[in-house]
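Structure record follows, encoded as structure tokens.
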Amino acid sequence: MEESYQISLLINGKLHHVQADSFNTTLVQYLRDQGLTGTKISCGEGNCGSCTVLVTRRRGLEFERYTVNSCTSLIWDLHGTEVTTVEGLGSTKTGLHPIQERLSSCHGSQCGFCSPGMVMSMAGVLCANPTPDIEDVVTGLQGNLCRCTGYRPILEAFSTFCSSSMAKDCQTVQQNKNEIPSYDVAGLSNLKFEDTLISPDTKCRLSCIQQISKLKFVEEDITWFEPSTVEEAINLFINNPGSVYRQGGTGWYKKFKRDCKPQSIISLKSISKLKEISGSTEYIHVGAGVTYSNLIISLKQMNPRKNSSLSVLCNVSENIGSTQLRNVATVVGGVLWRHPAADILPLLAAIDAHLIAEGPEGYRKISIDPLAGTLLRPGELVTELFIPNSKEGDTAVFRKQARRKHLDLAMINMALFKNKDSSQCRVFVGGMDLAVKECFQQHQIRARNIEKCVLTNSSLSAVTPELKAAIEEDFDSSLDEHKKALLAEMIAKMFDERHEDSFKVKAHQLYENDFESLSPQDTISRPIAHLSSAEQCTGEAIYVSDIPRTEGELVLVPVHSDYAHANILNVHEVDALAVPGVVAWIAAADVQGCNLWGIGGVVDEEVFPSKEVVYAGQIIGVIAAKTLKIGKQAANMIKVIYDCLPAITSLKKAIEDQSSFTTIDHKVLNDLKLRQATEHSIEGRVTLGGQEHVYLETHAALAIPEKEKDEIIVYCPSQAPSVLQQTIANVVNVPQHRITVNTKRIGGAFGGKERMLVALIASVAAIKLHQPCRIVLDRKSDIATTGHKHEVSAAYSMDFKNNGLITNAKFSADINAGCSTDISLIWTEYFLQRLDGGYTLRNVDMKAELRRTNLVSSTSFRGFGVQESAVIIEDCIERIALVASLDPAEVRRNNLSRKGDLLHHGEQPLTDDNLVRCWDECIEQSQYHSKKQEVDKFNAEAQHQDVRRGISIVPVKFPPFMSKKFLNQGSAFVRIFVDGTVLLSHGGVEMGQGLHTKMIQVASRVLQVPLDKIHIRETSTDTIPNASPTVSSSGTELNGQAVIIACQKLVDRLAPVREKNPSLGWEEVIKIAYSERIQLAEYGHYNRSQVDYDMKTNKGTTFNYMTNGAACTIVEVNCATGNHRVLRTDIVMDVGRSLNPAIDIGQIEGAFIQGYGYVTMEEMLHRTDGHILTNNFSTYKIPTLQDIPEIFNVTLLRNSRGATESVFSAKGIGEPGIVLATSVLTALRNAVASCRVSNGLDPWFEMKVPFTAERIFKSCRGLSDEDDATKPWLHI
């Protein structure tokens, strides 16, 4: 057998010969090394879709094309294929592909980091079906996550390829309220059918690539075999003992990890026999190499509805993983994987499927059960799966409970088969707590006592004592009470018909149409697409990790602490430094200046721990190496000796130990007479967990030292470049004027990129080594070190009148700050200021205890305390309504903030009644009162015993300002060049919120020039010094005012030239101005904001205006499982006169879905030793496309003009929408309360956020929701 040392494949039509150097080289690594950086790395485990590419492969005489996750695909699997990346579809230079054009034009790209993956997944949909329906699009995007958009515009953009498009022509949504389309569908390029086909040239070129049978890796003693027959594969194993068979490779990656390196791999992908599917009267024969995708296609052709087993198998297969995974993973692989939460294994066991294995001793039949994978003998190869056809009257059932509707492993699953005459029954139960090895896992169990119970109770339709007893006998202590109860419901309801409607979204977006009053050139208030969206959709947009390597650049790989609290006794780095290619170990001793940093005014966190680690995962130091592979190898060789210290790893423990940073009190008595009118009182408590930011781009930094005067340039996705510049100066002991921080764009931030640790580390290393240094955190390192939303435990007591009007409010909160103060002092003040939600609290007594723990520091998060405070105050409102026997909407309206109200913070009364206007319009648009009657009627009907609905409407008022006067300033620098083009710089950072687009629109209006004349290159400290952070939805307000000032100066200066030459165009005017030596550059500085507040004295003001809104949500809860659906959400938001309605609506939708994840599913867990368990997308679940409201309407309030100064009457909007997701939580509370009343329980229960399916299930039944001491984790 001739050895080869390289493979060959086509990438975007170009032939590549790849040397077999390292066995673990993934496709995404190779692509990015070749400069194809449109393919992103975000999770590194195939769970986010950012790395999606198309693969074209020959299959026998045919060719197939499908999507894969390139981060989990070894490049050696792709010999003889063509890989198409986002760059291969189109570009801004050669022309956008229709997919790229539609995603860009229809506002489906915000930060842009997920956009290339979205484009490629849609390409896969169109290659499979050039005329898809909306269900095809939804299925194709199952494996793609987005944190910015809320998914609606993405789905709408791609629906334009469907016959039933979501895209809109001008249509009447309500009487006299026309919906104006925000893009021109007719102007979009059409997809050519031939572009979805595999070209004859590609087929010919792939056919000419000679198959290899043996690949030898140069750097490692590993051989990769490619047999073409089963017999050849078995003989290879006999001659190479200890070899590993490899098929799809997904189980290899996830179960055996990348550090597993057998001496020989026998790849089975070229054995055509293993990819065959056939049928007989008794069995379906499925080859061991058949993927889930191919199985689904074949089963649908067999009309599985006539066959119970095959029908369930088809449904289960369609819901396993993502499209990208199903295209690669094999059904037999799912059996042999033996994962405790696998869905396919218990089902195949229940329907009595079996495997055919061939080996050196011949072939034999193996019954499928949870241990089937362990029964294979050395050298045996599974060649076939036999699935028996069920007979008429037989029943096969599969049930699953997970934390998210799709793309999630089962917490518990159950498969059951019962024949027609009830003589046979097989039940298998599997599942796990989390997809992490620290949590309880077990093999699927055959539940024989449940089988007997089912057979002896043929009419079983409810949970009976016999069923409970059978579950206890089968599982005893191996399942907790929640899972036992859930399993009982699954069994009792197993024969209920399930008719799940296909997922479709209806939506409208209404905004003020006053285009007729604008000049055609004026783009203010027009729905302009994000001006970088085209580059983002083609992969041309550059993020820090995409910047090409510079000469001598080193990679930094972090080494993390194993303990939450310990003294460092010694660090042994000698062995690591001996690895060829390793340059240095960088730690605390190498910090040139101050080893402390902070972002909230208190400098109390070390860059590197000098003596003591204070949280698990803390970066002790970094390896500087020539390549990432070398750096990882060396980092694993660092040995740290610790002396462990007592650790506080929970908020509860911090309270018990009285571990605190500080206490903040705030008392206001504005209306003593009202307080004395109290008629009722309530008390309650709310527990709020943390939340991960889940920006798709992880923290990264590139520091490049200059050759003279200690100058250094730092590229970093930072929300606060000037603060970062100042902190770097302190840490490396270099003055600020020699440090430049550049931020071109950020791939999502949400407050999490105010933290700057990685940039400090890169700067220390670069100054120390005099070489460029880059650090890009992987997802696990990012989650371990960059902080998250604050965990809060809050108690409240409220006094109120009969009509629900609050007369006095008292709050006491314990807040988990983590190991350092970070931003927590400021955050706590904002949290207390915003505890009034959308209401006016005239008399308050507030106290917040900022607790110190040995966990990573809590940090800024979108909304900055406003969603946490909203959840608390809305819980109060719900309790008041229950006690007063009032509709919660009535209580809310009675307490709404109104014009002239003096809030509990500051001396400025409210200046308008726009919050009331938003409320009333939301009541009208959502048809709240009639919908509530429908909900009440639905819940009263007997046939809906296990399904309940809830409806709720909540308000928001949000001050988009920073309350410290010195922060309320902005700067801009405008330069006009001789050709008439304009270069604009300002102090704000583009992170997907469309800030640069809005600033260009503002400059365009003032200068009266077209948008394409104006360009923003990046945000840089050498252009705009001392800029305020881009936070608190203030970016447009501060920087927009500065842009207006700078542009107006230029307009005034050019006015004489224009007056003398009224007929000349802009370019000619500029040439004349230049020839007359008129200055064509101007600086603008805005500092007129009156916001300045001192919480200790309660003096000053916290706002110039409020951004207001209201949202009404209807939910449906399955009380038998805890699952829910958001049936409808209507949002009305006051954004003033929107600068860009499309961008503003996108911000509202994206914030709402992020907030929805917080209140329902985003559960942060850590081990009792402090290590975060939910540290990647496989364990931390954010909403997917199929979680968004089925009806999702957003309206921008009309005729809203602020009385105070703002940018062309616009208001800040990036954060307020996150509060409105609280309407989902309160609607869920109402649905659960209805169920509790039916179960004879008190309708009131203590709320814990996130209100997950498990908590909903427990609340419906009155089960305890305390952290189980037997489980090795705690909630954050």
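Chain labels run A, B, ... following the order of the structure tokens; each chain numbers its residues from 1, and ligands are numbered from 1 in the order shown.
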(request) Determine, counting only C-alpha atoms, which protein, DNA and RNA residues have an atom within 6 Å of an atom of Val974 (chain A); residues of the same chain fewer than 5 positions away are not included. Present the result as a VMD selection string. (result) chain A and resid 983 to 984 1081 to 1082
(request) Pick out the residues sitting within 9 Å of Glu2 (chain A), and hand them over as number ranges by chain; count only C-alpha atoms, and ignore anything fewer than 6 positions along from it in its own chain. (result) A: 212-215
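For the residues A:Asn816, A:Ser70, A:Asn413, A:Thr649, ranking by smallest atom-to-atom distance to Ile41 (chain A) using only C-alpha atoms places A:Ser70 first.
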(request) Return as a PyMOL selection string the full set of residues in region 447-695 of chain A whose backbone-based DSSP assignment is strand (DSSP E or B). (result) chain A and resi 506-510+554-560+566-572+582-586+596-597+605-606+612-613+619-625+639-644+660-669+680-688
Could you dump the residues just selected with C-alpha atoms as a compact mmCIF listing (two decimals), in the first residue's frame?
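Output file result.txt is given in full below:
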# COMPACT_ATOMS: atom_id res chain seq x y z
CA LYS A 506 -45.54 36.47 11.67
CA ALA A 507 -44.26 39.94 12.35
CA HIS A 508 -44.76 43.57 11.58
CA GLN A 509 -42.55 46.58 12.17
CA LEU A 510 -44.30 49.94 12.26
CA LEU A 554 3.76 35.30 18.98
CA VAL A 555 0.66 33.52 20.22
CA LEU A 556 -0.25 33.75 23.90
CA VAL A 557 -1.89 30.75 25.55
CA PRO A 558 -3.25 31.16 29.09
CA VAL A 559 -2.74 28.84 32.04
CA HIS A 560 -5.67 28.87 34.44
CA ALA A 566 -5.19 29.39 47.10
CA ASN A 567 -1.67 30.66 47.58
CA ILE A 568 0.73 29.98 44.72
CA LEU A 569 3.73 28.24 46.22
CA ASN A 570 5.63 27.54 43.02
CA VAL A 571 5.29 27.50 39.25
CA HIS A 572 7.38 24.96 37.34
CA VAL A 582 8.21 28.36 23.02
CA VAL A 583 9.64 31.84 23.63
CA ALA A 584 8.66 32.77 27.16
CA TRP A 585 6.47 32.33 30.21
CA ILE A 586 4.82 35.64 31.13
CA LEU A 596 -3.64 46.06 39.36
CA TRP A 597 -6.51 47.19 37.18
CA GLU A 605 -7.89 43.08 40.41
CA GLU A 606 -4.46 41.74 39.49
CA GLU A 612 -2.86 34.38 45.62
CA VAL A 613 -5.49 33.13 43.17
CA ILE A 619 -5.16 33.32 34.40
CA ILE A 620 -1.89 32.69 36.27
CA GLY A 621 0.31 33.41 33.28
CA VAL A 622 0.63 32.87 29.55
CA ILE A 623 2.94 30.91 27.30
CA ALA A 624 4.32 32.94 24.40
CA ALA A 625 4.95 30.63 21.46
CA LYS A 639 2.88 22.76 36.86
CA VAL A 640 1.58 24.99 39.65
CA ILE A 641 1.92 24.09 43.33
CA TYR A 642 -0.89 25.52 45.50
CA ASP A 643 -1.68 25.89 49.16
CA CYS A 644 -5.48 25.85 49.21
CA SER A 660 -18.82 42.04 51.63
CA PHE A 661 -17.19 44.90 49.78
CA THR A 662 -19.63 47.57 50.89
CA THR A 663 -23.24 48.45 51.64
CA ILE A 664 -25.22 51.07 49.72
CA ASP A 665 -28.35 52.62 51.24
CA HIS A 666 -30.87 54.93 49.61
CA LYS A 667 -33.94 56.40 51.31
CA VAL A 668 -36.40 58.90 49.83
CA LEU A 669 -39.63 60.20 51.34
CA HIS A 680 -52.45 46.66 52.39
CA SER A 681 -48.91 45.24 52.69
CA ILE A 682 -47.06 42.35 51.09
CA GLU A 683 -43.62 40.77 51.33
CA GLY A 684 -41.68 38.60 48.93
CA ARG A 685 -38.35 37.48 47.57
CA VAL A 686 -36.88 37.09 44.10
CA THR A 687 -33.71 35.17 43.19
CA LEU A 688 -31.91 36.12 40.01
(request) Would you please work out which residue, of A:Gly333, A:Gly279, A:Arg851, A:Val1002, is nearest to Asp657 (chain A) when using only C-alpha atoms? (result)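 Using only C-alpha atoms, Asp657 (chain A) sits closest to A:Arg851.
Residue nearest Leu760 (chain A) within the list A:Lys93, A:Lys801, A:Arg1053, A:His699: A:His699 [criterion: smallest interatomic distance, only C-alpha atoms].
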(request) Enter the distance from CA of Ile265 (chain A) to CA of Phe23 (chain A), in Å, rounded to one decimal. (result)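 CA of Phe23 (chain A) lies at a distance of 10.1 Å from CA of Ile265 (chain A).
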(request) Can you pull out every residue within 12 Å of Asp920 (chain A), counting only C-alpha atoms, but drop anything in the same chain fewer than 3 positions away, and send it as a list in words? (result)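 Once the adjacent positions are removed, what remains is Ala889, Glu890, Arg892, Arg893, Leu896, Asp913, Asn914, Leu915, Val916, Arg917, Ile923, Glu924, Gln925, Ser926, Gln927, Tyr928, His929, Ile953, Val954, Pro955, Gly1109, Ala1110, Ala1111, Cys1112, Ile1131, Val1132, Met1133 and Leu1197 of chain A.
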Please write the residues from the selection above to a file, keeping N, CA, C and O atoms, as a CSV table (one decimal), in the first residue's frame.
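Done, and the output landed in selection_3.csv:
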chain,number,residue,atom,x,y,z
A,889,ALA,N,-52.5,44.4,34.9
A,889,ALA,CA,-52.4,45.6,34.0
A,889,ALA,C,-53.0,46.8,34.6
A,889,ALA,O,-52.5,47.9,34.4
A,890,GLU,N,-54.1,46.7,35.4
A,890,GLU,CA,-54.7,47.8,36.0
A,890,GLU,C,-53.8,48.4,37.1
A,890,GLU,O,-53.6,49.6,37.2
A,892,ARG,N,-50.6,48.1,37.1
A,892,ARG,CA,-49.4,48.7,36.5
A,892,ARG,C,-49.8,50.1,36.0
A,892,ARG,O,-49.0,51.1,36.1
A,893,ARG,N,-50.9,50.3,35.3
A,893,ARG,CA,-51.3,51.6,34.8
A,893,ARG,C,-51.5,52.6,36.0
A,893,ARG,O,-51.1,53.8,35.8
A,896,LEU,N,-48.0,53.8,36.8
A,896,LEU,CA,-47.1,54.3,35.7
A,896,LEU,C,-46.5,55.7,36.0
A,896,LEU,O,-47.2,56.5,36.5
A,913,ASP,N,-45.4,62.5,28.8
A,913,ASP,CA,-46.3,61.3,29.1
A,913,ASP,C,-46.1,60.2,28.0
A,913,ASP,O,-47.1,59.5,27.8
A,914,ASN,N,-45.0,60.1,27.4
A,914,ASN,CA,-44.8,59.1,26.4
A,914,ASN,C,-44.9,57.7,26.9
A,914,ASN,O,-45.2,56.8,26.1
A,915,LEU,N,-44.6,57.5,28.1
A,915,LEU,CA,-44.7,56.1,28.7
A,915,LEU,C,-46.2,55.7,28.7
A,915,LEU,O,-46.5,54.6,28.3
A,916,VAL,N,-47.0,56.6,29.1
A,916,VAL,CA,-48.5,56.3,29.1
A,916,VAL,C,-49.0,56.1,27.7
A,916,VAL,O,-49.8,55.2,27.4
A,917,ARG,N,-48.4,56.9,26.7
A,917,ARG,CA,-48.8,56.7,25.3
A,917,ARG,C,-48.4,55.4,24.8
A,917,ARG,O,-49.2,54.7,24.1
A,923,ILE,N,-51.7,48.4,24.6
A,923,ILE,CA,-52.9,47.7,25.0
A,923,ILE,C,-53.8,47.6,23.8
A,923,ILE,O,-54.4,46.5,23.5
A,924,GLU,N,-53.8,48.6,22.9
A,924,GLU,CA,-54.7,48.6,21.7
A,924,GLU,C,-54.2,47.6,20.7
A,924,GLU,O,-54.9,46.8,20.2
A,925,GLN,N,-52.9,47.7,20.4
A,925,GLN,CA,-52.3,46.8,19.3
A,925,GLN,C,-52.3,45.4,19.7
A,925,GLN,O,-52.5,44.5,18.8
A,926,SER,N,-52.1,45.1,20.9
A,926,SER,CA,-52.1,43.7,21.4
A,926,SER,C,-53.5,43.1,21.6
A,926,SER,O,-53.6,41.9,21.8
A,927,GLN,N,-54.5,44.0,21.6
A,927,GLN,CA,-55.8,43.7,21.9
A,927,GLN,C,-55.9,43.0,23.3
A,927,GLN,O,-56.5,41.9,23.5
A,928,TYR,N,-55.2,43.6,24.3
A,928,TYR,CA,-55.0,43.0,25.6
A,928,TYR,C,-56.2,42.5,26.2
A,928,TYR,O,-56.3,41.4,26.7
A,929,HIS,N,-57.3,43.3,26.3
A,929,HIS,CA,-58.4,42.9,27.1
A,929,HIS,C,-59.2,41.8,26.4
A,929,HIS,O,-59.6,40.8,27.2
A,953,ILE,N,-48.6,42.4,30.4
A,953,ILE,CA,-48.1,43.6,29.7
A,953,ILE,C,-47.2,44.4,30.7
A,953,ILE,O,-47.7,44.5,31.9
A,954,VAL,N,-46.0,44.8,30.4
A,954,VAL,CA,-45.1,45.5,31.3
A,954,VAL,C,-44.6,46.7,30.6
A,954,VAL,O,-44.4,46.7,29.4
A,955,PRO,N,-44.2,47.7,31.4
A,955,PRO,CA,-43.6,49.0,30.8
A,955,PRO,C,-42.1,49.0,31.1
A,955,PRO,O,-41.6,48.2,31.8
A,1109,GLY,N,-41.3,52.4,26.8
A,1109,GLY,CA,-41.9,51.4,26.0
A,1109,GLY,C,-42.8,50.5,26.8
A,1109,GLY,O,-42.9,50.6,28.0
A,1110,ALA,N,-43.5,49.6,26.1
A,1110,ALA,CA,-44.3,48.6,26.7
A,1110,ALA,C,-44.4,47.4,25.8
A,1110,ALA,O,-44.2,47.5,24.6
A,1111,ALA,N,-44.6,46.2,26.5
A,1111,ALA,CA,-44.6,45.0,25.7
A,1111,ALA,C,-45.7,44.1,26.3
A,1111,ALA,O,-45.8,44.0,27.5
A,1112,CYS,N,-46.5,43.5,25.5
A,1112,CYS,CA,-47.5,42.5,25.9
A,1112,CYS,C,-47.2,41.2,25.3
A,1112,CYS,O,-46.9,41.0,24.1
A,1131,ILE,N,-44.7,44.9,20.9
A,1131,ILE,CA,-43.9,45.9,21.6
A,1131,ILE,C,-44.2,47.3,21.0
A,1131,ILE,O,-44.3,47.4,19.8
A,1132,VAL,N,-44.3,48.3,21.8
A,1132,VAL,CA,-44.4,49.7,21.4
A,1132,VAL,C,-43.3,50.4,22.1
A,1132,VAL,O,-43.2,50.4,23.4
A,1133,MET,N,-42.4,51.1,21.4
A,1133,MET,CA,-41.3,51.7,22.0
A,1133,MET,C,-41.2,53.2,21.5
A,1133,MET,O,-41.4,53.5,20.3
A,1197,LEU,N,-43.2,54.5,18.5
A,1197,LEU,CA,-44.2,55.5,18.8
A,1197,LEU,C,-44.1,56.7,17.9
A,1197,LEU,O,-43.0,57.2,17.7
(message) I need the residue nearest Asn733 (chain A) from this list: A:Val866, A:Cys594, A:Ile1044, A:Met494. Use only C-alpha atoms for the distance.
(response)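 The closest residue to Asn733 (chain A) is A:Cys594.
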(message) Using only C-alpha atoms for the distances, tell me which of A:Leu103, A:Cys1119, A:Ala1055, A:Leu155 is nearest to Ser533 (chain A).
(response)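 So, comparing all the options, the nearest one is A:Leu103.
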(request) Quick one: everything within 6 Å of Gly287 (chain A), counting only C-alpha atoms, minus sequence neighbours fewer than 2 positions away in the same chain. Send it as a VMD selection string. (result) chain A and resid 274 to 276 289 to 290 383 to 384
Output of the above residues as a PDB file, in the first residue's frame, restricted to N, CA and C atoms:
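Heads up, here's the output in selection34.pdb:
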ATOM      1  N   LEU A 274     -21.318   0.662   3.105  1.00  0.00           N
ATOM      2  CA  LEU A 274     -21.802   1.147   4.392  1.00  0.00           C
ATOM      3  C   LEU A 274     -22.778   2.309   4.264  1.00  0.00           C
ATOM      4  N   LYS A 275     -22.968   2.808   3.054  1.00  0.00           N
ATOM      5  CA  LYS A 275     -23.857   3.952   2.858  1.00  0.00           C
ATOM      6  C   LYS A 275     -25.172   3.557   2.196  1.00  0.00           C
ATOM      7  N   GLU A 276     -25.426   2.273   2.129  1.00  0.00           N
ATOM      8  CA  GLU A 276     -26.635   1.797   1.448  1.00  0.00           C
ATOM      9  C   GLU A 276     -27.804   1.675   2.415  1.00  0.00           C
ATOM     10  N   GLY A 289     -22.603   3.511   7.602  1.00  0.00           N
ATOM     11  CA  GLY A 289     -22.100   4.823   7.203  1.00  0.00           C
ATOM     12  C   GLY A 289     -23.195   5.786   6.796  1.00  0.00           C
ATOM     13  N   VAL A 290     -24.456   5.407   6.978  1.00  0.00           N
ATOM     14  CA  VAL A 290     -25.575   6.274   6.599  1.00  0.00           C
ATOM     15  C   VAL A 290     -25.719   7.394   7.619  1.00  0.00           C
ATOM     16  N   THR A 383     -21.404  -3.117  10.361  1.00  0.00           N
ATOM     17  CA  THR A 383     -21.638  -2.848   8.937  1.00  0.00           C
ATOM     18  C   THR A 383     -23.071  -2.466   8.632  1.00  0.00           C
ATOM     19  N   GLU A 384     -23.991  -2.853   9.513  1.00  0.00           N
ATOM     20  CA  GLU A 384     -25.388  -2.664   9.161  1.00  0.00           C
ATOM     21  C   GLU A 384     -26.249  -2.545  10.414  1.00  0.00           C
TER      22      GLU A 384
END
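Candidate residues A:Gly980, A:Pro378, A:Gly49, A:Gly992 were compared for distance to Glu1068 (chain A), and the nearest is A:Gly980, using only C-alpha atoms.
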(request) State, in Å with one decimal place, the distance from CA of Val574 (chain A) to CA of Ser22 (chain A). (result)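 Computing the Euclidean distance for CA of Val574 (chain A) and CA of Ser22 (chain A) yields 24.7 Å.
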(request) Extract, using only C-alpha atoms, all DNA, RNA and protein residues at most 12 Å from Asp1052 (chain A), discarding same-chain residues fewer than 4 positions from it, and format them as a list in words. (result)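 The filter keeps Val1006, Leu1007, Ile1044, Ile1045, Ala1046, Cys1047, Gln1048, Pro1056, Val1057, Arg1058, Glu1059, Ile1078, Gln1079, Leu1080 and Glu1082 of chain A.
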(request) Compile the contact shell of Thr229 (chain A) as a list in words: residues with an atom at most 12 Å away, counting only C-alpha atoms, same-chain residues fewer than 3 positions apart removed. (result) Ser213, Phe225, Glu226, Glu232, Ala233, Ile234, Asn235, Leu236, Ile266, Ser267, Leu268, Lys269, Ser270, Ile271, Ser272, Lys273, Leu274, Lys275, Glu358, Leu381 and Thr383 of chain A
Output N, CA, C and O atoms of each residue in that selection to a file, as an mmCIF file, in the first residue's frame.
data_model
loop_
_atom_site.group_PDB
_atom_site.id
_atom_site.type_symbol
_atom_site.label_atom_id
_atom_site.label_comp_id
_atom_site.auth_asym_id
_atom_site.auth_seq_id
_atom_site.Cartn_x
_atom_site.Cartn_y
_atom_site.Cartn_z
ATOM 1 N N SER A 213 -4.999 5.670 -0.237
ATOM 2 C CA SER A 213 -5.349 4.556 0.646
ATOM 3 C C SER A 213 -4.576 4.600 1.967
ATOM 4 O O SER A 213 -4.946 3.916 2.921
ATOM 5 N N PHE A 225 -5.643 5.282 7.249
ATOM 6 C CA PHE A 225 -5.969 4.354 6.167
ATOM 7 C C PHE A 225 -7.338 4.680 5.577
ATOM 8 O O PHE A 225 -8.252 5.084 6.287
ATOM 9 N N GLU A 226 -7.458 4.471 4.266
ATOM 10 C CA GLU A 226 -8.715 4.720 3.557
ATOM 11 C C GLU A 226 -9.106 3.469 2.769
ATOM 12 O O GLU A 226 -8.936 3.409 1.544
ATOM 13 N N GLU A 232 -11.253 -5.156 3.461
ATOM 14 C CA GLU A 232 -9.976 -4.436 3.527
ATOM 15 C C GLU A 232 -9.820 -3.744 4.881
ATOM 16 O O GLU A 232 -8.738 -3.749 5.475
ATOM 17 N N ALA A 233 -10.886 -3.174 5.379
ATOM 18 C CA ALA A 233 -10.837 -2.494 6.668
ATOM 19 C C ALA A 233 -10.505 -3.463 7.787
ATOM 20 O O ALA A 233 -9.675 -3.170 8.664
ATOM 21 N N ILE A 234 -11.142 -4.638 7.770
ATOM 22 C CA ILE A 234 -10.893 -5.626 8.828
ATOM 23 C C ILE A 234 -9.455 -6.129 8.767
ATOM 24 O O ILE A 234 -8.781 -6.285 9.793
ATOM 25 N N ASN A 235 -8.969 -6.358 7.567
ATOM 26 C CA ASN A 235 -7.580 -6.818 7.414
ATOM 27 C C ASN A 235 -6.595 -5.755 7.898
ATOM 28 O O ASN A 235 -5.551 -6.081 8.482
ATOM 29 N N LEU A 236 -6.910 -4.497 7.652
ATOM 30 C CA LEU A 236 -6.054 -3.422 8.149
ATOM 31 C C LEU A 236 -5.990 -3.441 9.664
ATOM 32 O O LEU A 236 -4.926 -3.229 10.262
ATOM 33 N N ILE A 266 -8.527 4.011 10.827
ATOM 34 C CA ILE A 266 -9.081 3.384 9.630
ATOM 35 C C ILE A 266 -10.369 4.121 9.294
ATOM 36 O O ILE A 266 -11.404 3.936 9.938
ATOM 37 N N SER A 267 -10.299 4.997 8.303
ATOM 38 C CA SER A 267 -11.458 5.787 7.894
ATOM 39 C C SER A 267 -12.369 4.942 7.010
ATOM 40 O O SER A 267 -11.908 4.305 6.054
ATOM 41 N N LEU A 268 -13.652 4.956 7.324
ATOM 42 C CA LEU A 268 -14.618 4.112 6.613
ATOM 43 C C LEU A 268 -15.433 4.888 5.592
ATOM 44 O O LEU A 268 -16.350 4.325 4.986
ATOM 45 N N LYS A 269 -15.114 6.148 5.372
ATOM 46 C CA LYS A 269 -15.984 6.980 4.552
ATOM 47 C C LYS A 269 -15.993 6.586 3.075
ATOM 48 O O LYS A 269 -16.912 6.944 2.343
ATOM 49 N N SER A 270 -14.976 5.817 2.629
ATOM 50 C CA SER A 270 -14.914 5.441 1.208
ATOM 51 C C SER A 270 -15.526 4.073 0.935
ATOM 52 O O SER A 270 -15.460 3.582 -0.189
ATOM 53 N N ILE A 271 -16.108 3.444 1.944
ATOM 54 C CA ILE A 271 -16.725 2.122 1.754
ATOM 55 C C ILE A 271 -18.179 2.330 1.367
ATOM 56 O O ILE A 271 -19.033 2.638 2.206
ATOM 57 N N SER A 272 -18.480 2.181 0.086
ATOM 58 C CA SER A 272 -19.819 2.484 -0.426
ATOM 59 C C SER A 272 -20.880 1.574 0.167
ATOM 60 O O SER A 272 -22.035 1.981 0.354
ATOM 61 N N LYS A 273 -20.517 0.344 0.483
ATOM 62 C CA LYS A 273 -21.487 -0.608 1.037
ATOM 63 C C LYS A 273 -22.103 -0.080 2.336
ATOM 64 O O LYS A 273 -23.278 -0.336 2.631
ATOM 65 N N LEU A 274 -21.318 0.662 3.105
ATOM 66 C CA LEU A 274 -21.802 1.147 4.392
ATOM 67 C C LEU A 274 -22.778 2.309 4.264
ATOM 68 O O LEU A 274 -23.360 2.736 5.262
ATOM 69 N N LYS A 275 -22.968 2.808 3.054
ATOM 70 C CA LYS A 275 -23.857 3.952 2.858
ATOM 71 C C LYS A 275 -25.172 3.557 2.196
ATOM 72 O O LYS A 275 -25.942 4.414 1.767
ATOM 73 N N GLU A 358 -19.075 -7.332 11.616
ATOM 74 C CA GLU A 358 -18.165 -8.234 10.935
ATOM 75 C C GLU A 358 -16.774 -8.032 11.502
ATOM 76 O O GLU A 358 -16.378 -6.925 11.849
ATOM 77 N N LEU A 381 -16.286 -4.670 13.159
ATOM 78 C CA LEU A 381 -16.778 -3.464 12.511
ATOM 79 C C LEU A 381 -18.277 -3.610 12.285
ATOM 80 O O LEU A 381 -18.726 -4.591 11.690
ATOM 81 N N THR A 383 -21.404 -3.117 10.361
ATOM 82 C CA THR A 383 -21.638 -2.848 8.937
ATOM 83 C C THR A 383 -23.071 -2.466 8.632
ATOM 84 O O THR A 383 -23.339 -1.828 7.622
#
(message) Give me, as a VMD selection string, the residues of region 136-356 of chain A that a backbone DSSP run labels helix (DSSP H, G or I).
(response) chain A and resid 136 to 140 152 to 159 185 to 187 193 to 196 200 to 207 230 to 239 250 to 256 272 to 275 292 to 301 304 to 306 308 to 318 323 to 326 331 to 337 344 to 350
